[in-house]
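S.K.: So that you have it, the file is upload-v6.cif, and it contains mmCIF, C-alpha atoms:
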data_upload
loop_
_atom_site.label_atom_id
_atom_site.label_comp_id
_atom_site.auth_asym_id
_atom_site.auth_seq_id
_atom_site.Cartn_x
_atom_site.Cartn_y
_atom_site.Cartn_z
CA MET M 19 -85.11 -31.53 61.66
CA ALA M 20 -86.59 -28.93 64.02
CA ASP M 21 -90.33 -28.49 63.81
CA PRO M 22 -91.09 -24.92 62.71
CA PHE M 23 -94.19 -25.07 64.85
CA ASP M 24 -91.97 -25.07 67.95
CA ALA M 25 -91.65 -21.33 67.35
CA LEU M 26 -95.18 -21.06 68.67
CA ARG M 27 -94.06 -22.10 72.14
CA GLN M 28 -95.33 -19.54 74.61
CA PRO M 29 -94.73 -20.01 78.32
CA VAL M 30 -97.33 -18.55 80.66
CA VAL M 31 -96.95 -14.79 81.06
CA PRO M 32 -98.77 -13.68 84.22
CA LEU M 33 -101.38 -11.00 83.63
CA SER M 34 -103.78 -9.52 86.16
CA PRO M 35 -107.44 -9.21 85.18
CA ARG M 36 -109.71 -6.27 86.02
CA PRO M 37 -109.53 -5.65 89.79
CA GLU M 38 -113.35 -5.65 90.09
CA PHE M 39 -113.49 -9.08 88.48
CA ALA M 40 -110.76 -10.49 90.72
CA ALA M 41 -112.36 -9.05 93.86
CA ALA M 42 -115.85 -10.31 93.00
CA LEU M 43 -114.57 -13.81 92.26
CA ARG M 44 -112.54 -13.84 95.48
CA ALA M 45 -115.63 -12.93 97.47
CA ARG M 46 -117.58 -15.70 95.76
CA LEU M 47 -114.91 -18.27 96.56
CA GLY M 48 -114.74 -17.08 100.16
CA ALA M 49 -118.46 -17.57 100.59
CA LEU M 50 -118.31 -21.08 99.09
CA LEU M 51 -115.35 -22.07 101.27
CA GLU M 52 -116.98 -20.92 104.53
CA PRO M 53 -117.56 -23.84 106.82
CA PRO M 54 -121.26 -24.58 107.22
CA ALA M 55 -122.92 -22.98 110.25
CA PRO M 56 -123.12 -25.29 113.26
CA PRO M 57 -126.59 -26.63 114.06
CA GLN M 58 -128.66 -24.13 116.04
CA VAL M 59 -130.89 -25.54 118.73
CA ARG M 60 -134.34 -24.00 118.49
CA SER M 61 -136.02 -25.65 121.47
CA LEU M 62 -135.75 -28.52 123.93
CA ARG M 63 -139.06 -30.02 125.02
CA PRO M 64 -139.75 -32.50 127.82
CA TYR M 65 -142.06 -35.45 127.14
CA LEU M 66 -143.50 -36.64 130.43
CA SER M 67 -144.89 -40.07 131.17
CA VAL M 68 -147.90 -40.08 133.53
CA ALA M 69 -150.16 -42.79 134.90
CA ASP M 70 -153.42 -40.90 134.21
CA GLY M 71 -153.13 -38.65 131.15
CA ALA M 72 -156.55 -36.96 131.29
CA ALA M 73 -156.24 -36.06 134.96
CA ALA M 74 -152.65 -34.86 134.55
CA ILE M 75 -153.65 -32.56 131.70
CA GLU M 76 -156.31 -30.92 133.86
CA TRP M 77 -153.85 -30.57 136.73
CA TYR M 78 -151.21 -28.81 134.61
CA LYS M 79 -153.88 -26.54 133.11
CA GLY M 80 -155.11 -25.50 136.53
CA VAL M 81 -151.78 -25.15 138.34
CA PHE M 82 -149.45 -23.93 135.58
CA GLY M 83 -152.04 -22.27 133.35
CA ALA M 84 -151.18 -24.68 130.57
CA GLU M 85 -152.99 -24.47 127.25
CA GLU M 86 -153.80 -27.73 125.49
CA LEU M 87 -152.58 -27.63 121.89
CA GLU M 88 -153.26 -31.17 120.75
CA ARG M 89 -154.42 -34.47 122.23
CA ILE M 90 -154.49 -37.96 120.75
CA THR M 91 -156.55 -40.53 122.62
CA GLY M 92 -156.38 -44.26 121.85
CA PRO M 93 -159.46 -46.46 121.36
CA ASP M 94 -159.07 -47.73 124.93
CA GLY M 95 -159.28 -44.15 126.23
CA ARG M 96 -155.59 -43.84 127.08
CA VAL M 97 -153.83 -40.59 126.32
CA ALA M 98 -151.37 -41.47 123.59
CA HIS M 99 -150.04 -37.93 123.12
CA CYS M 100 -150.74 -34.43 124.37
CA GLU M 101 -148.99 -31.12 123.69
CA LEU M 102 -149.28 -28.34 126.23
CA ARG M 103 -148.09 -24.75 126.14
CA ILE M 104 -147.24 -22.74 129.24
CA GLY M 105 -146.17 -19.23 128.39
CA ALA M 106 -143.07 -19.37 126.24
CA ALA M 107 -142.52 -23.11 126.78
CA THR M 108 -144.17 -26.23 125.43
CA PHE M 109 -144.03 -29.75 126.76
CA MET M 110 -145.70 -33.05 125.96
CA LEU M 111 -147.14 -35.92 127.95
CA ALA M 112 -148.53 -39.39 127.40
CA GLU M 113 -149.40 -42.45 129.37
CA GLU M 114 -146.84 -45.23 129.66
CA TYR M 115 -145.35 -46.71 126.50
CA LEU M 116 -143.78 -50.00 127.52
CA VAL M 117 -142.76 -50.92 123.94
CA GLU M 118 -140.02 -48.30 124.24
CA ASP M 119 -139.32 -48.80 127.95
CA VAL M 120 -141.16 -45.58 128.90
CA ILE M 121 -142.66 -45.94 132.37
CA SER M 122 -144.31 -43.34 134.60
CA PRO M 123 -142.91 -42.30 138.01
CA THR M 124 -145.88 -44.09 139.59
CA THR M 125 -144.72 -47.42 138.18
CA ALA M 126 -141.05 -46.65 138.77
CA GLY M 127 -141.55 -45.54 142.37
CA GLY M 128 -139.41 -42.49 141.69
CA THR M 129 -138.38 -40.17 138.88
CA THR M 130 -135.33 -39.46 136.76
CA ALA M 131 -135.51 -36.23 134.77
CA GLN M 132 -136.76 -33.19 136.73
CA MET M 133 -138.07 -29.86 135.40
CA LEU M 134 -137.29 -26.28 136.29
CA LEU M 135 -140.14 -23.85 135.66
CA ASP M 136 -139.12 -20.19 135.60
CA VAL M 137 -142.26 -18.03 136.12
CA THR M 138 -142.73 -14.39 136.96
CA ASP M 139 -144.61 -15.13 140.21
CA CYS M 140 -143.32 -18.36 141.74
CA GLU M 141 -145.15 -17.86 145.05
CA THR M 142 -148.57 -17.94 143.37
CA VAL M 143 -147.80 -20.95 141.17
CA PHE M 144 -146.19 -22.81 144.08
CA GLY M 145 -149.24 -22.11 146.22
CA ARG M 146 -151.58 -23.41 143.53
CA ALA M 147 -149.53 -26.59 143.15
CA VAL M 148 -149.61 -27.31 146.87
CA ALA M 149 -153.35 -26.56 147.06
CA ALA M 150 -153.89 -29.03 144.21
CA GLY M 151 -152.10 -31.83 146.03
CA ALA M 152 -148.40 -31.42 145.26
CA ARG M 153 -145.90 -32.60 147.86
CA VAL M 154 -143.37 -29.95 149.02
CA TRP M 155 -139.72 -31.00 148.77
CA ARG M 156 -138.45 -27.49 149.45
CA PRO M 157 -140.54 -24.42 150.36
CA ILE M 158 -140.07 -21.06 148.59
CA GLY M 159 -136.77 -19.42 149.53
CA ASP M 160 -133.64 -17.95 147.96
CA THR M 161 -131.84 -20.33 145.63
CA HIS M 162 -128.07 -20.47 145.30
CA ARG M 163 -128.35 -19.04 141.78
CA GLY M 164 -129.80 -15.78 143.03
CA ALA M 165 -133.33 -16.76 142.11
CA ARG M 166 -136.32 -17.25 144.39
CA GLY M 167 -138.15 -20.59 144.36
CA GLY M 168 -139.08 -23.93 145.83
CA LYS M 169 -139.52 -27.53 144.70
CA ILE M 170 -142.55 -29.83 144.58
CA ARG M 171 -143.54 -33.28 143.42
CA ASP M 172 -146.74 -33.27 141.39
CA PRO M 173 -149.42 -35.98 141.85
CA TRP M 174 -147.95 -37.86 138.85
CA GLY M 175 -144.53 -38.18 140.47
CA HIS M 176 -142.71 -35.48 138.49
CA ASN M 177 -140.46 -33.04 140.33
CA TRP M 178 -140.62 -29.34 139.50
CA PHE M 179 -138.37 -26.51 140.67
CA ILE M 180 -140.77 -23.53 140.62
CA GLU M 181 -138.67 -20.36 140.49
CA THR M 182 -138.56 -16.73 139.58
CA ALA M 183 -135.15 -16.03 138.10
CA PRO M 184 -133.66 -12.58 138.54
CA ALA M 185 -134.87 -10.30 135.74
CA PRO M 186 -132.35 -10.13 132.87
CA ASP M 187 -130.37 -6.89 132.74
CA ARG M 188 -131.90 -4.84 129.96
CA THR M 189 -129.76 -1.78 130.55
CA GLY M 190 -129.15 -0.11 127.20
CA ASP M 191 -131.65 -2.30 125.37
CA LEU M 192 -134.09 -0.64 123.04
CA PHE M 193 -137.33 -0.52 124.99
CA TYR M 194 -139.63 1.29 122.61
CA PHE M 195 -139.66 3.68 119.74
CA THR M 196 -142.23 6.12 118.46
CA TRP M 197 -142.73 7.00 114.85
CA ARG M 198 -144.51 10.17 113.90
CA MET M 199 -147.00 9.63 111.07
CA GLY M 200 -148.77 12.19 108.97
CA ASP M 201 -152.10 10.47 109.45
CA VAL M 202 -152.10 7.73 112.07
CA ALA M 203 -155.41 6.24 110.94
CA ALA M 204 -154.37 5.95 107.30
CA ASP M 205 -150.81 4.81 107.97
CA SER M 206 -151.79 2.27 110.60
CA ALA M 207 -154.36 0.84 108.19
CA PHE M 208 -151.65 0.67 105.52
CA PHE M 209 -149.33 -1.32 107.78
CA THR M 210 -152.10 -3.61 108.87
CA ALA M 211 -152.86 -4.40 105.24
CA LEU M 212 -149.16 -4.80 104.35
CA LEU M 213 -147.73 -6.49 107.44
CA GLY M 214 -150.65 -7.61 109.56
CA TRP M 215 -149.90 -5.17 112.39
CA GLU M 216 -152.35 -5.08 115.29
CA TYR M 217 -152.70 -2.18 117.68
CA SER M 218 -153.76 -1.13 121.12
CA PRO M 219 -154.38 2.50 122.13
CA ALA M 220 -151.23 4.20 123.42
CA HIS M 221 -150.82 6.37 126.46
CA VAL M 222 -150.63 9.49 124.33
CA ASP M 223 -152.34 10.18 121.02
CA GLY M 224 -151.65 7.28 118.71
CA VAL M 225 -151.41 3.48 118.86
CA THR M 226 -148.88 0.84 119.90
CA VAL M 227 -148.11 -2.07 117.57
CA THR M 228 -148.64 -5.14 119.73
CA ASN M 229 -147.85 -8.16 117.58
CA ILE M 230 -144.29 -7.67 116.39
CA ASN M 231 -140.96 -8.41 118.07
CA GLN M 232 -140.29 -4.82 119.14
CA PRO M 233 -143.14 -2.65 120.45
CA ILE M 234 -143.39 0.59 118.53
CA GLY M 235 -145.76 3.50 118.80
CA LEU M 236 -147.31 5.35 115.90
CA ARG M 237 -147.93 9.01 116.82
CA ALA M 238 -149.72 11.94 115.32
CA GLY M 239 -147.78 14.68 117.05
CA GLY M 240 -144.35 15.10 118.61
CA SER M 241 -141.33 17.17 117.78
CA GLU M 242 -139.34 14.53 115.91
CA ARG M 243 -140.06 11.82 113.39
CA ILE M 244 -138.52 9.00 115.44
CA ARG M 245 -137.76 8.80 119.15
CA LEU M 246 -135.93 5.88 120.73
CA TRP M 247 -136.30 4.71 124.34
CA PHE M 248 -133.55 2.76 126.08
CA CYS M 249 -133.83 0.73 129.30
CA VAL M 250 -132.15 1.68 132.55
CA THR M 251 -132.64 0.28 136.04
CA ASP M 252 -132.56 3.61 137.95
CA ILE M 253 -134.23 6.58 136.24
CA ASP M 254 -132.93 9.25 138.65
CA GLY M 255 -129.40 7.92 138.50
CA ALA M 256 -129.52 7.76 134.71
CA VAL M 257 -130.90 11.31 134.40
CA GLY M 258 -128.10 12.55 136.67
CA LYS M 259 -125.57 10.75 134.53
CA VAL M 260 -126.93 12.34 131.32
CA ARG M 261 -126.47 15.81 132.85
CA GLU M 262 -123.03 14.90 134.17
CA LEU M 263 -122.01 13.92 130.65
CA GLY M 264 -123.07 17.30 129.30
CA GLY M 265 -126.45 16.36 127.96
CA GLN M 266 -129.86 17.51 129.04
CA ALA M 267 -132.63 15.55 130.73
CA ALA M 268 -136.17 16.39 131.65
CA GLU M 269 -137.52 15.35 135.03
CA PRO M 270 -138.74 11.72 134.98
CA VAL M 271 -142.46 11.13 134.65
CA ARG M 272 -144.37 7.96 135.33
CA ASN M 273 -147.01 6.38 133.16
CA GLY M 274 -148.52 2.92 132.84
CA ALA M 275 -145.46 1.58 131.03
CA GLY M 276 -142.99 2.73 133.66
CA TRP M 277 -140.74 5.69 134.38
CA MET M 278 -139.70 7.88 131.42
CA ALA M 279 -137.30 10.75 130.90
CA ASP M 280 -136.74 12.71 127.68
CA CYS M 281 -133.05 13.53 127.12
CA VAL M 282 -130.72 15.21 124.66
CA THR M 283 -127.08 14.31 123.94
CA PRO M 284 -124.44 17.06 124.19
CA ASP M 285 -124.64 17.60 120.42
CA GLY M 286 -128.39 17.78 120.25
CA VAL M 287 -129.62 14.26 119.52
CA GLU M 288 -132.93 13.59 121.28
CA PHE M 289 -133.65 10.23 122.94
CA SER M 290 -135.48 8.90 125.97
CA LEU M 291 -134.77 6.61 128.90
CA SER M 292 -137.15 4.25 130.63
CA VAL M 293 -137.42 1.94 133.61
CA PRO M 294 -140.07 -0.43 132.26
CA ALA M 295 -142.92 -1.35 134.58
CA ALA M 296 -143.52 -5.03 135.35
CA GLY M 297 -144.78 -6.82 132.30
CA TYR M 298 -143.34 -4.28 129.84
CA MET L 9 -112.14 -32.00 107.92
CA ALA L 10 -108.91 -30.40 109.16
CA GLU L 11 -107.31 -31.34 105.85
CA GLU L 12 -110.12 -29.53 104.05
CA ALA L 13 -109.77 -26.45 106.25
CA ARG L 14 -106.08 -26.24 105.48
CA HIS L 15 -106.78 -26.45 101.76
CA SER L 16 -109.54 -23.85 101.92
CA GLU L 17 -107.19 -21.41 103.60
CA THR L 18 -104.51 -22.26 101.08
CA LEU L 19 -106.77 -21.71 98.06
CA LEU L 20 -107.66 -18.20 99.16
CA ASP L 21 -104.04 -17.52 100.12
CA LEU L 22 -102.98 -18.87 96.72
CA TYR L 23 -105.59 -16.83 94.90
CA ASP L 24 -103.67 -13.54 94.60
CA ARG L 25 -100.51 -15.33 93.46
CA ALA L 26 -102.24 -17.75 91.11
CA MET L 27 -104.79 -15.41 89.52
CA PRO L 28 -102.35 -13.64 87.13
CA GLN L 29 -100.99 -16.99 86.01
CA VAL L 30 -104.41 -18.50 85.40
CA TYR L 31 -105.78 -15.39 83.72
CA GLY L 32 -102.54 -14.73 81.84
CA TYR L 33 -102.55 -18.26 80.46
CA LEU L 34 -106.21 -18.12 79.41
CA VAL L 35 -106.14 -14.69 77.81
CA SER L 36 -103.02 -15.55 75.81
CA ARG L 37 -104.58 -18.79 74.55
CA CYS L 38 -108.10 -17.66 73.74
CA GLY L 39 -107.36 -14.04 72.84
CA SER L 40 -110.48 -12.62 74.48
CA ALA L 41 -110.59 -10.92 77.89
CA PRO L 42 -114.30 -11.64 78.52
CA VAL L 43 -113.89 -15.32 77.62
CA ALA L 44 -110.74 -15.49 79.73
CA GLU L 45 -112.65 -14.02 82.69
CA ASP L 46 -115.42 -16.59 82.36
CA LEU L 47 -112.93 -19.44 82.11
CA THR L 48 -110.93 -18.02 85.04
CA ALA L 49 -114.08 -18.06 87.15
CA GLU L 50 -114.85 -21.62 86.02
CA THR L 51 -111.30 -22.64 86.91
CA PHE L 52 -111.40 -21.31 90.47
CA LEU L 53 -114.92 -22.60 91.09
CA ALA L 54 -113.80 -26.06 89.94
CA ALA L 55 -110.87 -25.73 92.36
CA VAL L 56 -113.29 -25.02 95.23
CA SER L 57 -115.27 -28.17 94.38
CA ALA L 58 -112.10 -30.23 94.23
CA VAL L 59 -110.86 -28.85 97.57
CA LYS L 60 -114.20 -29.55 99.21
CA ASP L 61 -114.19 -33.10 97.85
CA GLY L 62 -110.76 -33.48 99.41
CA GLY L 63 -109.06 -34.55 96.21
CA VAL L 64 -106.25 -32.01 95.77
CA PRO L 65 -102.93 -33.44 97.02
CA ASN L 66 -100.89 -30.62 95.53
CA LEU L 67 -102.69 -27.28 95.54
CA THR L 68 -100.42 -25.02 93.51
CA ALA L 69 -100.63 -22.36 90.83
CA ALA L 70 -99.38 -24.92 88.30
CA TRP L 71 -102.24 -27.23 89.22
CA LEU L 72 -104.70 -24.35 88.74
CA VAL L 73 -103.23 -23.62 85.29
CA GLY L 74 -103.82 -27.29 84.51
CA VAL L 75 -107.47 -26.90 85.52
CA ALA L 76 -107.61 -23.76 83.37
CA ARG L 77 -106.31 -25.78 80.43
CA HIS L 78 -109.17 -28.29 80.89
CA LYS L 79 -111.68 -25.45 80.95
CA LEU L 80 -110.15 -23.97 77.82
CA VAL L 81 -110.42 -27.25 75.94
CA ASP L 82 -114.05 -27.64 77.13
CA TYR L 83 -114.73 -24.14 75.86
CA TRP L 84 -113.36 -24.91 72.42
CA ARG L 85 -115.40 -28.11 72.33
CA ARG L 86 -118.53 -26.06 73.09
CA VAL L 87 -117.62 -23.60 70.36
CA ALA L 88 -117.01 -26.46 67.92
CA ARG L 89 -120.39 -27.98 68.65
CA GLU L 90 -122.10 -24.65 68.06
CA ASP L 91 -120.28 -23.98 64.85
CA ARG L 92 -121.06 -26.94 62.64
CA LYS L 93 -119.70 -25.59 59.40
CA LEU L 94 -116.21 -25.65 60.87
CA ALA L 95 -116.57 -29.44 61.03
CA LEU L 96 -115.82 -29.34 57.31
CA LEU L 97 -112.34 -28.01 58.01
CA ASP L 98 -111.67 -31.04 60.15
CA HIS L 99 -111.92 -33.32 57.10
CA ALA L 100 -110.21 -31.02 54.64
CA GLY L 101 -106.50 -31.32 54.02
CA ASP L 102 -105.96 -35.02 54.71
CA GLU L 103 -102.50 -34.60 53.31
CA ILE L 104 -99.19 -36.20 53.97
CA GLU L 105 -97.15 -33.89 56.08
CA ASP L 106 -94.51 -32.16 54.01
CA PRO L 107 -91.48 -30.79 55.72
CA TRP L 108 -92.03 -27.10 56.00
CA ASP L 109 -88.96 -24.99 56.17
CA ALA L 110 -90.66 -21.71 56.70
CA HIS L 111 -90.00 -19.68 59.81
CA ILE L 112 -93.19 -18.99 61.74
CA ASP L 113 -93.72 -15.49 62.99
CA ALA L 114 -95.20 -15.92 66.44
CA THR L 115 -97.22 -12.71 66.35
CA ARG L 116 -98.79 -13.51 63.02
CA ALA L 117 -99.22 -17.07 64.17
CA ARG L 118 -101.52 -15.90 66.98
CA ASP L 119 -103.82 -14.21 64.51
CA VAL L 120 -103.84 -17.29 62.30
CA LEU L 121 -104.60 -19.54 65.27
CA ALA L 122 -107.51 -17.35 66.26
CA GLY L 123 -109.02 -17.87 62.86
CA LEU L 124 -108.77 -21.66 62.86
CA GLY L 125 -111.60 -24.02 63.80
CA PRO L 126 -111.73 -24.83 67.50
CA HIS L 127 -110.54 -28.44 67.15
CA HIS L 128 -107.44 -27.37 65.27
CA ARG L 129 -106.86 -24.41 67.52
CA ALA L 130 -107.11 -26.61 70.61
CA ALA L 131 -104.70 -29.22 69.24
CA LEU L 132 -102.07 -26.70 68.14
CA THR L 133 -102.36 -24.67 71.34
CA LEU L 134 -101.83 -27.65 73.61
CA ARG L 135 -99.07 -29.21 71.52
CA TYR L 136 -97.11 -26.09 70.61
CA LEU L 137 -98.05 -23.07 72.75
CA ASP L 138 -98.25 -25.15 75.90
CA GLY L 139 -95.56 -27.57 74.73
CA LEU L 140 -97.39 -30.69 75.91
CA PRO L 141 -96.28 -34.08 74.58
CA VAL L 142 -98.77 -35.75 72.23
CA PRO L 143 -100.09 -38.31 74.79
CA GLU L 144 -100.99 -35.44 77.15
CA VAL L 145 -102.67 -33.56 74.31
CA ALA L 146 -104.63 -36.74 73.56
CA GLY L 147 -105.72 -36.93 77.19
CA HIS L 148 -107.01 -33.37 77.18
CA LEU L 149 -108.86 -33.85 73.92
CA ASP L 150 -110.23 -37.20 74.98
CA ARG L 151 -108.91 -38.95 71.91
CA THR L 152 -106.45 -41.75 71.23
CA VAL L 153 -102.84 -40.85 70.54
CA HIS L 154 -103.28 -42.03 66.96
CA ALA L 155 -106.34 -39.86 66.41
CA THR L 156 -104.56 -36.93 68.00
CA GLU L 157 -101.57 -37.27 65.73
CA ALA L 158 -103.92 -37.35 62.75
CA LEU L 159 -105.70 -34.27 64.06
CA LEU L 160 -102.35 -32.49 64.47
CA VAL L 161 -101.48 -33.28 60.86
CA ARG L 162 -104.70 -31.73 59.66
CA ALA L 163 -104.33 -28.82 62.08
CA ARG L 164 -100.83 -27.99 60.89
CA SER L 165 -102.04 -28.22 57.35
CA ALA L 166 -104.93 -25.87 57.97
CA PHE L 167 -102.54 -23.54 59.79
CA ARG L 168 -100.13 -23.46 56.88
CA VAL L 169 -102.92 -22.70 54.44
CA ALA L 170 -104.24 -19.87 56.57
CA TYR L 171 -100.73 -18.58 57.36
CA GLY L 172 -99.86 -18.56 53.64
CA GLU L 173 -103.13 -16.79 52.79
CA GLU L 174 -102.41 -14.14 55.36
CA ARG L 175 -98.98 -13.57 53.97
CA ASP L 176 -100.31 -13.39 50.42
CA GLY L 177 -103.56 -11.72 51.32
#
Could I get this file's structure written as structure tokens?
M.R.:
Amino acid sequence: MADPFDALRQPVVPLSPRPEFAAALRARLGALLEPPAPPQVRSLRPYLSVADGAAAIEWYKGVFGAEELERITGPDGRVAHCELRIGAATFMLAEEYLVEDVISPTTAGGTTAQMLLDVTDCETVFGRAVAAGARVWRPIGDTHRGARGGKIRDPWGHNWFIETAPAPDRTGDLFYFTWRMGDVAADSAFFTALLGWEYSPAHVDGVTVTNINQPIGLRAGGSERIRLWFCVTDIDGAVGKVRELGGQAAEPVRNGAGWMADCVTPDGVEFSLSVPAAGY
Amino acid sequence: MAEEARHSETLLDLYDRAMPQVYGYLVSRCGSAPVAEDLTAETFLAAVSAVKDGGVPNLTAAWLVGVARHKLVDYWRRVAREDRKLALLDHAGDEIEDPWDAHIDATRARDVLAGLGPHHRAALTLRYLDGLPVPEVAGHLDRTVHATEALLVRARSAFRVAYGEERDG
């Protein structure tokens, strides 16, 4: 006998849900199915072995302008660990650690890993190294990579290429921007309290924020609320190009931060161009 | 890893085709669009976990409907736990099954089903709406075949009572 309940049989009838629901769930699934981001390297730091830790630390401070961040000395006076910062880089050093087969170049009679130091004035640093007893492998000259530099061996047996790499091309990069405030004193105090901003006096009335990733100027006056400055390598050439493209450009002026020119796009948007001075 | 990547692509590719089937199944069985949406989301999220664990040999819409069925049964279990008084219905009507000649009106049947306790609703849905054989129903409900058959007896009984009441009511 047939089961009357078989009348309940109901195959699946497709039905679409609300589009917003379907779209939101799809986005959620997409995010979950994304492959994880590959590991990002944040830094790579050399750890040098030296025969005389205390003397080496003083040498690197004097020649490279290194700043000592941390030092651990063992009971026998040996330097077990030291962290040094030079500019944007940090490195570490310690005396020999035979337990892990770490020997100094002095013991080895040679070296294996070498360092390349990219500084803004290689001639000065190179000169200091030589004056402090470094041996010259290669005097300052043009390198095959378009940089300028030379190579020394320091008194601890480590080899250093001391170079000044060509300046990165910042054309088109945002150099600066100014922000017109109602009351610079009050607003700058507000941002200091909120975000910890620190300032130095600017070239015109106002201040420059010095401790954030992008220098910005807070201004009392000016014709617009925000003005953006972009880098170029040739201010006269760039000004000519602006006019050629149908915009307007004022004659370049020079101040402590470099060459500047105020411009306007063909449809009236104001901006500025700059060739930053060294160090800016 | 490559296997997983292929499946991830396939799940998103499958999504547009499979969504109406998953949602259609759930909304027809539980009768509520908001509940069906929640269970649809649970279904696809469970699919993502399974794909990432690498345990989906046959990633199809039918497989997803199977996952949806699991989520539906889990939902009714949750409802049953929250609604203790309906536990009484589970013990009522321990009758011998009588042959029932009546013709069941499918439309009215849906309303009757919606009013049953979740255990009964789950059993009847899987056995009759979905057409699963009793051992599969037992698997979904996590009971023995014997206990499932007994549950189906009580469920049909409760259904008949409610169906009759509706007709007379």
S.K.: Taking all atoms listed in the file into account, which residues of chain M are within 10 Å of chain L, as number ranges by chain?
M.R.: M: 19-36, 39-48, 50-53
S.K.: One number please: atom CA of M:Gly235 to atom CA of M:Thr196, in Å, one decimal.
M.R.: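 Spanning atom CA of M:Gly235 to atom CA of M:Thr196 is a straight-line distance of 4.4 Å.
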S.K.: Using the file's own x, y and z axes, so that the box edges lie along x, y and z, what centre and edge lengths in Å (one decimal) does a box around every listed atom of stretch 106-112 of chain M get when 5 Å is added on each side? Give it as JSON.
M.R.:
{"center_x": -145.5, "center_y": -29.4, "center_z": 126.7, "size_x": 16.0, "size_y": 30.0, "size_z": 12.5}
S.K.: Between M:Pro294, M:Pro57, M:Gly80, M:Gly276, which residue has the minimum interatomic distance to M:Arg146, considering only C-alpha atoms?
M.R.: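 Under the stated criterion, the closest residue is M:Gly80.
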S.K.: For a test of reading the model, state the distance in Å between atom CA of M:Ala131 and atom CA of M:Leu62, rounded to one decimal.
M.R.: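 These atoms are spaced 13.3 Å apart.
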S.K.: Compile the contact shell of L:Ala130 as a list in words: residues with an atom at most 9 Å away, counting all atoms listed in the file, same-chain residues fewer than 4 positions apart removed.
M.R.: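 Contacts, with the query itself left out: Leu80, Val81, Trp84, Arg85, Gly125, Pro126, Leu134, Arg135 and Leu149 of chain L.
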S.K.: Have a look at atom CA of M:Leu87 and atom CA of M:Leu102 and let me know their distance in Å, one decimal.
M.R.: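 Atom CA of M:Leu102 lies at a distance of 5.5 Å from atom CA of M:Leu87.
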S.K.: Excluding same-chain residues fewer than 2 positions from M:Glu269, what lies within 8 Å of it counting only C-alpha atoms, as a list in words?
M.R.: Val257, Ala267, Val271, Ala279 and Asp280 of chain M
S.K.: Taking (-103.5, -16.5, 57.3) in the file's coordinates, which residues come within 12 Å, counting all atoms listed in the file, written as a list in words?
M.R.: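 Collected hits near the coordinates: Ile112, Asp113, Thr115, Arg116, Ala117, Arg118, Asp119, Val120, Leu121, Ala122, Gly123, Leu124, Ser165, Ala166, Phe167, Arg168, Val169, Ala170, Tyr171, Gly172, Glu173, Glu174, Arg175, Asp176 and Gly177 of chain L.
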S.K.: Suppose we keep C-alpha atoms; can you now write the selection as a PDB file, keeping the file's coordinate frame?
M.R.:
ATOM      1  CA  ILE L 112     -93.190 -18.990  61.740  1.00  0.00           C
ATOM      2  CA  ASP L 113     -93.720 -15.490  62.990  1.00  0.00           C
ATOM      3  CA  THR L 115     -97.220 -12.710  66.350  1.00  0.00           C
ATOM      4  CA  ARG L 116     -98.790 -13.510  63.020  1.00  0.00           C
ATOM      5  CA  ALA L 117     -99.220 -17.070  64.170  1.00  0.00           C
ATOM      6  CA  ARG L 118    -101.520 -15.900  66.980  1.00  0.00           C
ATOM      7  CA  ASP L 119    -103.820 -14.210  64.510  1.00  0.00           C
ATOM      8  CA  VAL L 120    -103.840 -17.290  62.300  1.00  0.00           C
ATOM      9  CA  LEU L 121    -104.600 -19.540  65.270  1.00  0.00           C
ATOM     10  CA  ALA L 122    -107.510 -17.350  66.260  1.00  0.00           C
ATOM     11  CA  GLY L 123    -109.020 -17.870  62.860  1.00  0.00           C
ATOM     12  CA  LEU L 124    -108.770 -21.660  62.860  1.00  0.00           C
ATOM     13  CA  SER L 165    -102.040 -28.220  57.350  1.00  0.00           C
ATOM     14  CA  ALA L 166    -104.930 -25.870  57.970  1.00  0.00           C
ATOM     15  CA  PHE L 167    -102.540 -23.540  59.790  1.00  0.00           C
ATOM     16  CA  ARG L 168    -100.130 -23.460  56.880  1.00  0.00           C
ATOM     17  CA  VAL L 169    -102.920 -22.700  54.440  1.00  0.00           C
ATOM     18  CA  ALA L 170    -104.240 -19.870  56.570  1.00  0.00           C
ATOM     19  CA  TYR L 171    -100.730 -18.580  57.360  1.00  0.00           C
ATOM     20  CA  GLY L 172     -99.860 -18.560  53.640  1.00  0.00           C
ATOM     21  CA  GLU L 173    -103.130 -16.790  52.790  1.00  0.00           C
ATOM     22  CA  GLU L 174    -102.410 -14.140  55.360  1.00  0.00           C
ATOM     23  CA  ARG L 175     -98.980 -13.570  53.970  1.00  0.00           C
ATOM     24  CA  ASP L 176    -100.310 -13.390  50.420  1.00  0.00           C
ATOM     25  CA  GLY L 177    -103.560 -11.720  51.320  1.00  0.00           C
TER      26      GLY L 177
END
S.K.: If we count all atoms listed in the file and set the cut-off at 12 Å, which residues sit around M:Gly127, ignoring sequence neighbours fewer than 5 positions away in its own chain? Please answer as an mmCIF file with C-alpha atoms, in the coordinates of the input.
M.R.:
data_model
loop_
_atom_site.group_PDB
_atom_site.id
_atom_site.type_symbol
_atom_site.label_atom_id
_atom_site.label_comp_id
_atom_site.auth_asym_id
_atom_site.auth_seq_id
_atom_site.Cartn_x
_atom_site.Cartn_y
_atom_site.Cartn_z
ATOM 1 C CA ALA M 69 -150.160 -42.790 134.900
ATOM 2 C CA ILE M 121 -142.660 -45.940 132.370
ATOM 3 C CA SER M 122 -144.310 -43.340 134.600
ATOM 4 C CA TRP M 174 -147.950 -37.860 138.850
ATOM 5 C CA GLY M 175 -144.530 -38.180 140.470
ATOM 6 C CA HIS M 176 -142.710 -35.480 138.490
#
